[in-house]
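Enquirer: Sending over my_file10.cif (mmCIF, C-alpha atoms and all ligand atoms).
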```cif
data_my_file
loop_
_atom_site.label_atom_id
_atom_site.label_comp_id
_atom_site.auth_asym_id
_atom_site.auth_seq_id
_atom_site.Cartn_x
_atom_site.Cartn_y
_atom_site.Cartn_z
CA MET W 1 34.89 131.41 110.79
CA SER W 2 35.03 128.11 108.92
CA THR W 3 32.64 125.54 110.32
CA ARG W 4 31.94 121.83 110.05
CA LEU W 5 28.97 120.28 108.31
CA GLY W 6 26.71 119.91 111.37
CA THR W 7 27.19 123.54 112.31
CA LYS W 8 26.35 124.58 108.74
CA CYS W 9 23.15 122.48 108.91
CA VAL W 10 22.05 124.32 112.04
CA GLN W 11 23.31 127.84 111.40
CA GLY W 12 24.28 128.20 107.73
CA GLY W 13 22.75 130.68 105.32
CA TYR W 14 21.43 133.16 107.84
CA THR W 15 23.25 135.29 110.43
CA PRO W 16 20.87 137.71 112.14
CA GLY W 17 22.13 141.14 113.09
CA ASN W 18 21.65 142.78 116.47
CA GLY W 19 18.01 142.51 117.56
CA GLU W 20 16.91 140.63 114.43
CA PRO W 21 14.80 137.41 114.42
CA ARG W 22 16.75 134.32 115.47
CA GLN W 23 14.88 132.10 113.01
CA ILE W 24 14.82 132.86 109.27
CA PRO W 25 11.83 135.20 108.79
CA ILE W 26 9.14 134.11 106.35
CA ILE W 27 8.88 137.01 103.93
CA GLN W 28 5.34 136.29 102.78
CA SER W 29 5.27 139.10 100.25
CA THR W 30 4.96 138.88 96.49
CA THR W 31 6.59 142.23 95.94
CA PHE W 32 8.97 144.81 97.38
CA LYS W 33 8.62 148.58 97.54
CA TYR W 34 11.03 151.21 96.16
CA ASP W 35 11.28 154.99 96.53
CA THR W 36 12.12 155.74 92.90
CA SER W 37 11.67 154.10 89.52
CA GLU W 38 15.43 154.43 88.99
CA ASP W 39 16.10 152.27 92.06
CA MET W 40 13.86 149.57 90.66
CA GLY W 41 15.23 149.98 87.14
CA LYS W 42 18.70 149.05 88.37
CA LEU W 43 17.32 145.76 89.71
CA PHE W 44 15.67 144.98 86.38
CA ASP W 45 18.94 145.63 84.58
CA LEU W 46 20.70 143.30 87.06
CA GLU W 47 22.93 146.27 87.96
CA ALA W 48 22.05 146.23 91.64
CA SER W 49 21.08 143.23 93.74
CA GLY W 50 17.82 143.37 95.61
CA TYR W 51 14.29 142.04 95.58
CA PHE W 52 11.40 143.13 93.45
CA TYR W 53 9.17 140.17 92.81
CA THR W 54 9.07 136.80 94.58
CA ARG W 55 8.83 134.79 91.34
CA LEU W 56 12.46 135.79 90.78
CA GLN W 57 13.85 136.02 94.29
CA ASN W 58 12.70 136.10 97.90
CA PRO W 59 14.85 136.63 101.02
CA THR W 60 13.52 133.51 102.83
CA ASN W 61 14.33 131.33 99.83
CA ASP W 62 17.74 132.93 99.43
CA HIS W 63 18.73 132.19 103.03
CA VAL W 64 17.74 128.54 102.67
CA ALA W 65 19.46 128.23 99.27
CA ALA W 66 22.57 129.78 100.82
CA LYS W 67 22.56 127.10 103.53
CA ILE W 68 22.37 124.28 100.95
CA CYS W 69 25.07 126.06 98.94
CA GLU W 70 27.35 126.04 102.01
CA LEU W 71 26.59 122.38 102.70
CA GLU W 72 27.55 121.39 99.15
CA GLY W 73 30.55 123.73 99.05
CA GLY W 74 29.22 125.70 96.06
CA THR W 75 29.32 129.35 95.06
CA ALA W 76 25.64 129.99 94.21
CA ALA W 77 22.31 128.20 94.62
CA MET W 78 18.61 128.60 93.97
CA LEU W 79 15.48 126.92 95.29
CA THR W 80 12.85 125.56 92.90
CA SER W 81 9.29 124.43 93.48
CA SER W 82 10.21 120.74 93.11
CA GLY W 83 13.04 118.37 92.32
CA GLN W 84 11.61 117.97 88.83
CA ALA W 85 11.94 121.72 88.23
CA ALA W 86 15.54 121.58 89.51
CA SER W 87 16.41 118.73 87.11
CA PHE W 88 14.77 120.51 84.19
CA TYR W 89 16.38 123.90 84.85
CA SER W 90 19.79 122.39 85.52
CA VAL W 91 19.91 120.94 81.99
CA PHE W 92 17.81 123.47 80.08
CA ASN W 93 20.01 126.30 81.39
CA ILE W 94 22.83 125.05 79.15
CA ALA W 95 21.13 122.86 76.52
CA SER W 96 18.44 123.81 74.01
CA CYS W 97 16.83 122.56 70.84
CA GLY W 98 19.40 120.71 68.72
CA ASP W 99 21.65 119.85 71.68
CA HIS W 100 22.51 116.52 73.24
CA VAL W 101 23.04 115.28 76.81
CA VAL W 102 24.59 112.09 78.18
CA SER W 103 22.72 110.66 81.18
CA SER W 104 23.11 107.68 83.43
CA SER W 105 20.32 105.21 82.65
CA THR W 106 19.63 104.51 86.34
CA ILE W 107 17.93 107.76 87.27
CA TYR W 108 14.68 108.59 89.02
CA GLY W 109 11.63 107.59 86.91
CA GLY W 110 10.33 111.16 86.79
CA THR W 111 13.69 112.43 85.57
CA TYR W 112 13.86 109.67 82.96
CA ASN W 113 10.46 110.68 81.62
CA LEU W 114 11.41 114.38 81.68
CA PHE W 115 14.52 113.64 79.61
CA ALA W 116 13.37 110.82 77.33
CA VAL W 117 9.91 112.16 76.54
CA THR W 118 9.31 115.80 77.43
CA MET W 119 12.71 117.34 76.77
CA LYS W 120 13.08 115.18 73.68
CA ARG W 121 9.92 116.87 72.45
CA MET W 122 11.73 120.17 73.01
CA GLY W 123 14.45 119.00 70.64
CA ILE W 124 17.06 117.90 73.18
CA GLU W 125 18.40 114.41 72.60
CA PHE W 126 19.59 112.16 75.44
CA THR W 127 21.89 109.17 75.29
CA PHE W 128 21.47 106.91 78.32
CA VAL W 129 24.49 104.94 79.50
CA SER W 130 24.72 102.39 82.28
CA PRO W 131 26.56 103.73 85.34
CA ASP W 132 28.64 100.55 85.03
CA CYS W 133 29.55 101.15 81.38
CA THR W 134 33.16 100.83 80.27
CA ASP W 135 35.26 103.92 79.62
CA GLU W 136 34.94 103.17 75.90
CA GLU W 137 31.14 103.01 76.07
CA LEU W 138 31.04 106.30 78.00
CA GLU W 139 33.38 107.91 75.50
CA ALA W 140 31.22 106.72 72.58
CA ALA W 141 28.11 108.37 74.05
CA PHE W 142 29.45 111.91 73.46
CA LYS W 143 28.62 113.91 70.33
CA GLU W 144 29.71 117.24 68.84
CA ASN W 145 26.60 118.87 70.32
CA THR W 146 26.79 117.29 73.81
CA LYS W 147 26.27 119.95 76.47
CA ALA W 148 26.21 118.07 79.79
CA VAL W 149 26.46 114.74 81.59
CA PHE W 150 23.84 113.84 84.21
CA GLY W 151 23.69 111.16 86.92
CA GLU W 152 22.57 110.41 90.48
CA THR W 153 25.01 109.79 93.35
CA ILE W 154 22.77 106.98 94.61
CA ALA W 155 20.08 106.22 92.05
CA ASN W 156 16.41 106.16 93.05
CA PRO W 157 15.27 103.36 93.14
CA ALA W 158 18.05 101.29 91.51
CA LEU W 159 20.53 102.18 94.31
CA THR W 160 23.47 102.08 91.93
CA VAL W 161 26.37 104.28 93.07
CA LEU W 162 27.83 106.52 90.37
CA ASP W 163 31.60 106.72 89.93
CA ILE W 164 31.43 110.52 90.06
CA GLU W 165 35.15 111.04 89.46
CA ARG W 166 35.15 108.88 86.34
CA PHE W 167 32.05 110.56 84.89
CA ALA W 168 33.42 114.03 85.74
CA LYS W 169 36.70 113.30 83.94
CA ALA W 170 34.85 112.08 80.85
CA ALA W 171 32.59 115.17 80.87
CA HIS W 172 35.55 117.51 81.25
CA ARG W 173 37.48 115.79 78.43
CA HIS W 174 34.57 116.81 76.22
CA GLY W 175 34.34 120.35 77.60
CA VAL W 176 30.99 119.90 79.37
CA PRO W 177 29.90 119.93 83.03
CA LEU W 178 28.79 116.98 85.15
CA ILE W 179 25.41 117.53 86.84
CA ILE W 180 24.75 115.30 89.84
CA ASP W 181 21.39 114.70 91.49
CA ASN W 182 22.55 114.27 95.10
CA THR W 183 19.09 113.72 96.61
CA PHE W 184 19.66 110.32 98.26
CA ALA W 185 23.16 110.93 99.60
CA THR W 186 22.61 114.55 100.70
CA PRO W 187 25.74 116.63 101.34
CA VAL W 188 25.98 114.93 104.73
CA ASN W 189 27.01 111.63 103.13
CA CYS W 190 28.57 112.86 99.86
CA ARG W 191 29.65 116.20 98.42
CA PRO W 192 29.95 115.63 94.65
CA PHE W 193 31.93 118.86 94.06
CA GLU W 194 34.84 117.29 95.99
CA TRP W 195 34.93 114.59 93.28
CA GLY W 196 34.78 116.87 90.24
CA ALA W 197 31.04 117.39 89.69
CA ASP W 198 30.17 120.90 88.55
CA ILE W 199 26.48 121.30 89.36
CA VAL W 200 24.37 119.55 91.99
CA THR W 201 20.59 119.23 92.09
CA HIS W 202 18.28 118.05 94.85
CA SER W 203 14.74 117.01 95.39
CA THR W 204 14.58 118.68 98.81
CA THR W 205 11.25 116.84 99.17
CA LYS W 206 13.25 113.84 100.39
CA TYR W 207 15.83 113.81 103.21
CA MET W 208 16.42 117.56 103.27
CA ASP W 209 12.84 118.32 104.27
CA GLY W 210 12.74 114.85 105.74
CA HIS W 211 9.28 115.09 107.28
CA GLY W 212 7.08 114.68 104.24
CA ALA W 213 5.94 118.26 104.61
CA GLY W 214 6.91 120.15 101.47
CA VAL W 215 7.76 119.47 97.84
CA GLY W 216 10.84 121.40 96.73
CA GLY W 217 14.09 121.41 94.82
CA CYS W 218 17.46 123.10 94.72
CA ILE W 219 20.30 123.69 92.24
CA VAL W 220 23.84 124.45 93.41
CA ASP W 221 26.75 125.58 91.22
CA SER W 222 30.35 124.77 92.18
CA GLY W 223 31.53 127.83 90.26
CA LYS W 224 34.36 125.68 88.93
CA PHE W 225 33.28 124.97 85.37
CA ASP W 226 34.91 127.47 83.00
CA TRP W 227 32.18 128.23 80.47
CA THR W 228 34.37 130.88 78.84
CA LYS W 229 36.75 128.18 77.56
CA TYR W 230 33.89 126.92 75.35
CA PRO W 231 31.99 130.06 74.27
CA ASP W 232 30.62 128.30 71.17
CA LYS W 233 29.15 125.48 73.28
CA PHE W 234 27.60 127.77 75.88
CA PRO W 235 26.51 130.94 74.03
CA GLY W 236 23.74 131.51 76.61
CA LEU W 237 26.37 132.13 79.29
CA CYS W 238 29.12 133.67 77.18
CA THR W 239 27.32 136.05 74.80
CA PRO W 240 24.88 138.92 75.49
CA ASP W 241 21.35 137.99 76.59
CA GLU W 242 19.09 140.23 74.50
CA SER W 243 16.17 139.41 76.78
CA TYR W 244 18.13 141.01 79.64
CA HIS W 245 19.46 144.24 78.13
CA GLY W 246 22.50 142.57 76.63
CA VAL W 247 24.03 141.25 79.85
CA THR W 248 26.73 138.58 79.38
CA TYR W 249 26.40 136.37 82.43
CA THR W 250 30.00 135.15 82.67
CA GLU W 251 31.34 138.72 82.33
CA ARG W 252 28.97 140.34 84.79
CA PHE W 253 28.72 137.59 87.42
CA GLY W 254 31.94 135.61 87.00
CA LEU W 255 32.21 131.83 86.97
CA GLU W 256 30.89 131.77 90.54
CA GLY W 257 27.56 133.40 89.70
CA ALA W 258 26.88 133.13 85.95
CA TYR W 259 25.02 129.80 85.84
CA ILE W 260 22.59 130.45 88.74
CA THR W 261 21.99 134.08 87.74
CA LYS W 262 21.07 132.97 84.22
CA ALA W 263 18.79 130.22 85.57
CA THR W 264 17.07 132.78 87.81
CA ALA W 265 16.91 135.64 85.32
CA GLN W 266 15.72 133.56 82.36
CA LEU W 267 14.23 130.25 83.48
CA MET W 268 12.60 131.32 86.73
CA ARG W 269 11.35 134.48 85.02
CA ASP W 270 9.79 132.51 82.16
CA PHE W 271 8.75 129.21 83.77
CA GLY W 272 8.12 130.46 87.30
CA SER W 273 8.71 127.27 89.29
CA ILE W 274 9.48 129.21 92.46
CA GLN W 275 9.30 127.65 95.92
CA SER W 276 6.93 129.40 98.28
CA PRO W 277 8.64 131.16 101.21
CA GLN W 278 6.45 129.08 103.58
CA ASN W 279 7.85 125.87 102.11
CA ALA W 280 11.40 127.23 102.23
CA PHE W 281 10.92 127.92 105.94
CA ILE W 282 9.70 124.35 106.51
CA LEU W 283 12.60 123.01 104.44
CA ASN W 284 15.00 124.89 106.67
CA LEU W 285 13.57 123.23 109.79
CA GLY W 286 14.45 119.92 108.15
CA LEU W 287 17.95 121.09 107.22
CA GLU W 288 18.64 122.04 110.85
CA SER W 289 18.67 118.35 111.80
CA LEU W 290 19.84 116.83 108.51
CA HIS W 291 23.23 115.72 109.88
CA VAL W 292 21.60 114.03 112.89
CA ARG W 293 18.86 112.35 110.85
CA MET W 294 21.10 111.12 108.02
CA LYS W 295 23.19 109.24 110.56
CA ARG W 296 20.11 107.48 111.91
CA HIS W 297 18.62 106.84 108.44
CA SER W 298 21.94 105.33 107.30
CA GLU W 299 22.29 103.16 110.42
CA ASN W 300 18.72 101.89 110.04
CA GLY W 301 19.38 101.20 106.35
CA GLN W 302 22.48 99.20 107.21
CA ALA W 303 20.71 97.18 109.96
CA VAL W 304 17.67 96.41 107.77
CA ALA W 305 19.85 95.45 104.79
CA GLU W 306 21.88 93.05 106.93
CA PHE W 307 18.70 91.50 108.31
CA LEU W 308 17.13 91.06 104.87
CA LYS W 309 20.34 89.56 103.53
CA SER W 310 20.04 86.70 106.01
CA HIS W 311 16.27 86.16 105.57
CA PRO W 312 15.13 82.89 103.94
CA ASN W 313 12.23 84.59 102.10
CA VAL W 314 14.36 87.26 100.47
CA GLU W 315 15.76 86.56 97.00
CA TRP W 316 18.29 89.37 96.80
CA VAL W 317 19.21 92.64 98.55
CA ARG W 318 20.67 95.79 97.05
CA PHE W 319 22.36 98.11 99.50
CA ALA W 320 25.79 99.57 98.84
CA GLY W 321 26.72 99.21 102.52
CA LEU W 322 26.73 95.38 102.25
CA PRO W 323 30.28 94.08 101.66
CA ASP W 324 29.20 91.78 98.81
CA ASP W 325 27.15 94.49 97.05
CA LYS W 326 28.26 95.41 93.54
CA TYR W 327 28.60 99.04 94.63
CA TYR W 328 30.31 98.46 97.98
CA ASP W 329 33.72 99.73 96.82
CA LEU W 330 32.22 102.85 95.25
CA ALA W 331 30.20 103.45 98.42
CA GLN W 332 33.36 103.10 100.55
CA LYS W 333 34.94 105.78 98.38
CA TYR W 334 32.05 108.22 97.95
CA LEU W 335 29.89 107.46 101.03
CA PRO W 336 32.30 106.52 103.81
CA ASN W 337 30.05 107.81 106.62
CA GLY W 338 26.93 105.87 105.59
CA VAL W 339 24.97 105.23 102.41
CA CYS W 340 21.35 106.28 103.06
CA GLY W 341 18.19 104.72 104.49
CA VAL W 342 16.88 103.19 101.29
CA VAL W 343 17.24 99.46 100.70
CA SER W 344 15.84 97.51 97.78
CA PHE W 345 15.23 93.80 97.69
CA GLY W 346 13.32 91.05 95.94
CA VAL W 347 10.75 89.00 97.82
CA LYS W 348 11.01 85.28 97.03
CA GLY W 349 8.09 84.38 94.77
CA GLY W 350 8.33 87.47 92.55
CA ARG W 351 5.71 90.12 91.83
CA LYS W 352 2.77 88.35 93.56
CA ALA W 353 4.71 87.54 96.72
CA ALA W 354 5.98 91.12 96.83
CA GLU W 355 2.43 92.47 96.68
CA ALA W 356 1.28 90.12 99.45
CA PHE W 357 4.27 91.09 101.59
CA MET W 358 3.45 94.78 101.18
CA LYS W 359 -0.10 94.21 102.42
CA ARG W 360 1.17 92.61 105.66
CA LEU W 361 3.47 95.50 106.66
CA LYS W 362 2.30 97.31 109.79
CA ILE W 363 4.93 99.97 110.50
CA ALA W 364 6.08 100.69 106.96
CA ALA W 365 3.41 102.47 104.94
CA ILE W 366 2.84 102.05 101.21
CA GLU W 367 3.70 105.41 99.68
CA THR W 368 5.28 106.78 96.54
CA HIS W 369 7.35 108.83 98.96
CA VAL W 370 10.85 107.95 100.10
CA ALA W 371 13.55 109.33 102.40
CA ASP W 372 11.10 110.40 105.10
CA ALA W 373 11.12 110.30 108.93
CA ARG W 374 8.44 107.59 108.73
CA THR W 375 9.36 104.30 107.08
CA CYS W 376 7.74 103.83 103.70
CA CYS W 377 7.69 101.12 101.10
CA LEU W 378 6.98 100.91 97.38
CA HIS W 379 6.72 98.40 94.54
CA PRO W 380 8.01 100.59 91.64
CA ALA W 381 6.99 98.28 88.76
CA SER W 382 3.35 98.79 89.66
CA ALA W 383 3.65 102.45 90.71
CA THR W 384 6.32 105.04 89.83
CA HIS W 385 7.79 103.07 86.90
CA ARG W 386 4.59 101.67 85.43
CA GLN W 387 4.99 103.74 82.23
CA MET W 388 8.12 101.75 81.38
CA ASN W 389 8.25 98.50 79.44
CA ASP W 390 10.31 95.54 80.68
CA ALA W 391 13.41 96.50 78.66
CA GLU W 392 13.30 100.06 80.00
CA LEU W 393 12.77 98.72 83.53
CA GLU W 394 15.82 96.52 83.08
CA ALA W 395 17.93 99.44 81.83
CA ALA W 396 16.78 101.53 84.81
CA GLY W 397 17.84 98.71 87.14
CA VAL W 398 14.29 98.03 88.34
CA SER W 399 13.16 94.38 88.22
CA PRO W 400 9.43 93.51 88.46
CA ASP W 401 9.94 92.00 91.96
CA LEU W 402 11.87 94.99 93.33
CA VAL W 403 10.59 96.43 96.62
CA ARG W 404 12.00 99.77 97.71
CA TYR W 405 12.09 100.09 101.48
CA SER W 406 12.92 103.51 102.91
CA CYS W 407 14.01 103.33 106.54
CA GLY W 408 12.68 106.18 108.63
CA LEU W 409 13.90 107.29 112.03
CA GLU W 410 12.09 104.60 114.04
CA ASP W 411 13.89 101.97 116.13
CA ALA W 412 15.63 99.53 113.80
CA LYS W 413 14.49 96.58 115.94
CA ASP W 414 10.83 97.46 115.34
CA LEU W 415 11.39 97.82 111.60
CA ILE W 416 13.09 94.42 111.52
CA ALA W 417 10.30 92.73 113.52
CA ASP W 418 7.72 94.22 111.13
CA LEU W 419 9.67 93.05 108.07
CA ASP W 420 10.09 89.57 109.56
CA GLN W 421 6.36 89.05 110.20
CA ALA W 422 5.45 90.41 106.75
CA LEU W 423 8.01 88.19 105.01
CA ARG W 424 6.90 85.08 106.91
CA GLY W 425 3.23 85.75 106.17
C1 LIG X 501 11.89 112.54 94.04
C2 LIG X 501 13.09 112.72 93.22
C3 LIG X 501 13.13 113.68 92.20
C4 LIG X 501 11.94 114.55 91.87
O1 LIG X 501 11.70 115.42 92.91
P1 LIG X 501 10.25 116.06 93.25
O2 LIG X 501 10.55 116.92 94.41
O3 LIG X 501 9.32 114.93 93.56
O4 LIG X 501 9.83 116.83 92.05
C5 LIG X 501 14.31 113.82 91.48
N1 LIG X 501 15.37 113.04 91.74
C6 LIG X 501 15.37 112.10 92.71
C7 LIG X 501 16.58 111.28 92.95
C8 LIG X 501 14.23 111.91 93.48
O5 LIG X 501 14.23 110.97 94.44
#
```
Please re-express this file's structure in structure tokens.
Ligand SMILES: *Cc1c(COP(=O)(O)O)cnc(C)c1O

Expert:
Amino acid sequence: MSTRLGTKCVQGGYTPGNGEPRQIPIIQSTTFKYDTSEDMGKLFDLEASGYFYTRLQNPTNDHVAAKICELEGGTAAMLTSSGQAASFYSVFNIASCGDHVVSSSTIYGGTYNLFAVTMKRMGIEFTFVSPDCTDEELEAAFKENTKAVFGETIANPALTVLDIERFAKAAHRHGVPLIIDNTFATPVNCRPFEWGADIVTHSTTKYMDGHGAGVGGCIVDSGKFDWTKYPDKFPGLCTPDESYHGVTYTERFGLEGAYITKATAQLMRDFGSIQSPQNAFILNLGLESLHVRMKRHSENGQAVAEFLKSHPNVEWVRFAGLPDDKYYDLAQKYLPNGVCGVVSFGVKGGRKAAEAFMKRLKIAAIETHVADARTCCLHPASATHRQMNDAELEAAGVSPDLVRYSCGLEDAKDLIADLDQALRG
């Protein structure tokens, strides 16, 4: 039976049989037992599906990944130990030494460092483009060896909204997939596959878990990108994998399964960034209320943004739900049911005033965390983005006075009263 999003949040990914546990069981086992070596051999050859070692696959993780897959409208998904691992695998699965990737410049600081420093060291070159670039500028960023385009639906912490359809069309013109980090929007507020994105990643550490309880990540494949049209660009998917007995992923698993199977069979096997079944269970508790919480987070974000906009001690406010925001039109298109709970703004008086304001907050806590049930607040220039110089900060859309305020699930009136007293000093 086809269901709506809220029902998928509560019940997706796991349907117990007669007499089986109602809640997803935590399979806290590293390994799985077989009667014969031949039975197990088939699993190793990817000829039969089944479990043999939790680094590769675990039933608890698979149920939770299946729920996220349903929420995004994909064909296959995998959990990773963190959002960073998800971002890395999503790109490294199709790009290697000598390849090139186009990325939005306004991405999460950790992702920027992963791409610009660590993956560059691995021989993968990135060209960063503004999400507001012209079509000509976007076009000019592609090279012969470009293998993917990457961006965030709502960028953390710049809060730019990506024109997913425009970036997807550009990627597809060049025969490469668009990978979208959908962490801040979650599938409740935006489903990038409906706008042409091919692969979605998440830091499930944020809204999906939602309670600050477990670090995790997820990758979902739409199954729509036809790798076999570009076998020379994607040899890893379209030619035999000698490290897996000559399996050709697109032939054996089809477009719907090739990308995630390869990421599991090769990257998870070799890098091992698996999520623990315990954490997957906790993540699922968060997912069960994601649709209810995202509504409240988004409403609180809207109310706080409107309050800050009218405050005499606030220099500027960035929130795509404000009618005069630069990204309002894109938000109306891609996020019609609410943006998210994260608002950024500049305190009048710059860096010093921002630091003093942060000290006076009573309800909002200073944390590097974001998108949590409890309101939290951060000054990125002195924390998450401190490795960047001023020009890089500018390109990432983070000014030195920027305060990122992540509305939790508290009463908006209390958050506003707290902000007001801290701003007035
Ligand atoms: C936090 C975050 C990440 C990294 O996720 P971790 O779970 O902390 O590894 C990636 N992308 C975005 C948008 C994030 O907010």

Enquirer: Please find the residues contacting ligand LIG 501 (chain X) at a distance of at most 8 Å between atoms, with only C-alpha atoms and all ligand atoms counted, and report them as a short mmCIF file (atom, residue, chain, number, x, y, z; two decimals) with C-alpha atoms, keeping the file's coordinate frame.

Expert:
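Contents of result_10.cif, as written:
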```
data_model
loop_
_atom_site.label_atom_id
_atom_site.label_comp_id
_atom_site.auth_asym_id
_atom_site.auth_seq_id
_atom_site.Cartn_x
_atom_site.Cartn_y
_atom_site.Cartn_z
CA SER W 81 9.29 124.43 93.48
CA SER W 82 10.21 120.74 93.11
CA GLY W 83 13.04 118.37 92.32
CA GLN W 84 11.61 117.97 88.83
CA ALA W 85 11.94 121.72 88.23
CA ALA W 86 15.54 121.58 89.51
CA SER W 87 16.41 118.73 87.11
CA ILE W 107 17.93 107.76 87.27
CA TYR W 108 14.68 108.59 89.02
CA GLY W 110 10.33 111.16 86.79
CA THR W 111 13.69 112.43 85.57
CA GLU W 152 22.57 110.41 90.48
CA ILE W 154 22.77 106.98 94.61
CA ALA W 155 20.08 106.22 92.05
CA ASN W 156 16.41 106.16 93.05
CA PRO W 157 15.27 103.36 93.14
CA ASP W 181 21.39 114.70 91.49
CA ASN W 182 22.55 114.27 95.10
CA THR W 183 19.09 113.72 96.61
CA PHE W 184 19.66 110.32 98.26
CA HIS W 202 18.28 118.05 94.85
CA SER W 203 14.74 117.01 95.39
CA THR W 204 14.58 118.68 98.81
CA THR W 205 11.25 116.84 99.17
CA LYS W 206 13.25 113.84 100.39
CA VAL W 215 7.76 119.47 97.84
CA GLY W 216 10.84 121.40 96.73
CA GLY W 217 14.09 121.41 94.82
CA HIS W 369 7.35 108.83 98.96
CA VAL W 370 10.85 107.95 100.10
#
```

Enquirer: Distance CA of Asn61 (chain W)-CA of Thr3 (chain W), one decimal place?

Expert: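 Separation of CA of Asn61 (chain W) and CA of Thr3 (chain W): 21.9 Å.
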
Enquirer: Quick one, how far is CA of Phe319 (chain W) from CA of Ser289 (chain W)?

Expert: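 CA of Ser289 (chain W) lies 24.0 Å from CA of Phe319 (chain W).
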
Enquirer: My list of candidates is W:Thr264, W:Pro231, W:Ala303, W:Leu71. Which is closest to Tyr244 (chain W) when distances are computed with all atoms listed in the file?

Expert: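 Going through W:Thr264, W:Pro231, W:Ala303, W:Leu71 one by one, the smallest distance to Tyr244 (chain W) is for W:Thr264.
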
Enquirer: Quick one: residues within 10 Å of region 378-395 of chain W, only C-alpha atoms counted, chain neighbours fewer than 4 positions away excluded, as number ranges by chain?

Expert: W: 104-110, 112-113, 128-130, 157-158, 344, 346, 351, 354-355, 358, 364-370, 399-406

Enquirer: Which residue, W:Thr36, W:Asn313, W:Thr375, W:Asn337, has the smallest gap to Pro187 (chain W) when you use only C-alpha atoms?

Expert: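 Ranked by minimum distance to Pro187 (chain W), first place goes to W:Asn337.
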
Enquirer: Write out as a PyMOL selection string the residues lying within 8 Å of region 5-13 of chain W, counting all atoms listed in the file and excluding same-chain residues fewer than 2 positions away.

Expert: chain W and resi 3+15+63-68+70-71+188+287-292

Enquirer: Given the selection you just returned, output its residues as a file containing C-alpha atoms, formatted as a PDB file, in the frame of the given file.

Expert:
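Result file follows (part33.pdb):
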```
ATOM      1  CA  THR W   3      32.640 125.540 110.320  1.00  0.00           C
ATOM      2  CA  THR W  15      23.250 135.290 110.430  1.00  0.00           C
ATOM      3  CA  HIS W  63      18.730 132.190 103.030  1.00  0.00           C
ATOM      4  CA  VAL W  64      17.740 128.540 102.670  1.00  0.00           C
ATOM      5  CA  ALA W  65      19.460 128.230  99.270  1.00  0.00           C
ATOM      6  CA  ALA W  66      22.570 129.780 100.820  1.00  0.00           C
ATOM      7  CA  LYS W  67      22.560 127.100 103.530  1.00  0.00           C
ATOM      8  CA  ILE W  68      22.370 124.280 100.950  1.00  0.00           C
ATOM      9  CA  GLU W  70      27.350 126.040 102.010  1.00  0.00           C
ATOM     10  CA  LEU W  71      26.590 122.380 102.700  1.00  0.00           C
ATOM     11  CA  VAL W 188      25.980 114.930 104.730  1.00  0.00           C
ATOM     12  CA  LEU W 287      17.950 121.090 107.220  1.00  0.00           C
ATOM     13  CA  GLU W 288      18.640 122.040 110.850  1.00  0.00           C
ATOM     14  CA  SER W 289      18.670 118.350 111.800  1.00  0.00           C
ATOM     15  CA  LEU W 290      19.840 116.830 108.510  1.00  0.00           C
ATOM     16  CA  HIS W 291      23.230 115.720 109.880  1.00  0.00           C
ATOM     17  CA  VAL W 292      21.600 114.030 112.890  1.00  0.00           C
TER      18      VAL W 292
END
```

Enquirer: Can you list, as a list in words, every protein, DNA or RNA residue that comes within 10 Å of Met294 (chain W) when you count all atoms listed in the file, leaving out same-chain residues fewer than 6 positions away?

Expert: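 Close residues of Met294 (chain W): Phe184, Ala185, Thr186, Pro187, Val188, Asn189, Tyr207, Met208, Gly210, Asn300, Asn337, Gly338, Val339, Cys340, Gly341, Ala371, Gly408 and Leu409 of chain W.
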
Enquirer: Keeping only C-alpha atoms, write the selected residues as a CSV table (one decimal), keeping the file's coordinate frame.

Expert:
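selection-v7.csv written:
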```
chain,number,residue,atom,x,y,z
W,184,PHE,CA,19.7,110.3,98.3
W,185,ALA,CA,23.2,110.9,99.6
W,186,THR,CA,22.6,114.6,100.7
W,187,PRO,CA,25.7,116.6,101.3
W,188,VAL,CA,26.0,114.9,104.7
W,189,ASN,CA,27.0,111.6,103.1
W,207,TYR,CA,15.8,113.8,103.2
W,208,MET,CA,16.4,117.6,103.3
W,210,GLY,CA,12.7,114.8,105.7
W,300,ASN,CA,18.7,101.9,110.0
W,337,ASN,CA,30.0,107.8,106.6
W,338,GLY,CA,26.9,105.9,105.6
W,339,VAL,CA,25.0,105.2,102.4
W,340,CYS,CA,21.4,106.3,103.1
W,341,GLY,CA,18.2,104.7,104.5
W,371,ALA,CA,13.6,109.3,102.4
W,408,GLY,CA,12.7,106.2,108.6
W,409,LEU,CA,13.9,107.3,112.0
```

Enquirer: I need the residue nearest Ala168 (chain W) from this list: W:Gly41, W:Gly254, W:Pro323, W:Gly196. Use only C-alpha atoms for the distance.

Expert: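 Counting only C-alpha atoms, the residue closest to Ala168 (chain W) is W:Gly196.
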
Enquirer: List as JSON lines every residue of region 167-193 of chain W that is in contact with region 92-98 of chain W, defined as an atom at most 12 Å from one of its atoms (using all atoms listed in the file), together with the nearest atom pair and the distance in Å rounded to one decimal, sorted by chain and then rising number.

Expert:
```
{"residue": "W:Val176", "atom": "CA", "partner": "W:Ile94", "partner_atom": "CA", "distance": 9.7}
{"residue": "W:Pro177", "atom": "CA", "partner": "W:Ile94", "partner_atom": "CA", "distance": 9.6}
{"residue": "W:Leu178", "atom": "CA", "partner": "W:Ile94", "partner_atom": "CA", "distance": 11.7}
{"residue": "W:Ile179", "atom": "CA", "partner": "W:Ile94", "partner_atom": "CA", "distance": 11.1}
```

Enquirer: To one decimal place in Å, what is the distance between CA of Glu315 (chain W) and CA of Ala417 (chain W)?

Expert: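 Pair CA of Glu315 (chain W) / CA of Ala417 (chain W) returns 18.5 Å.
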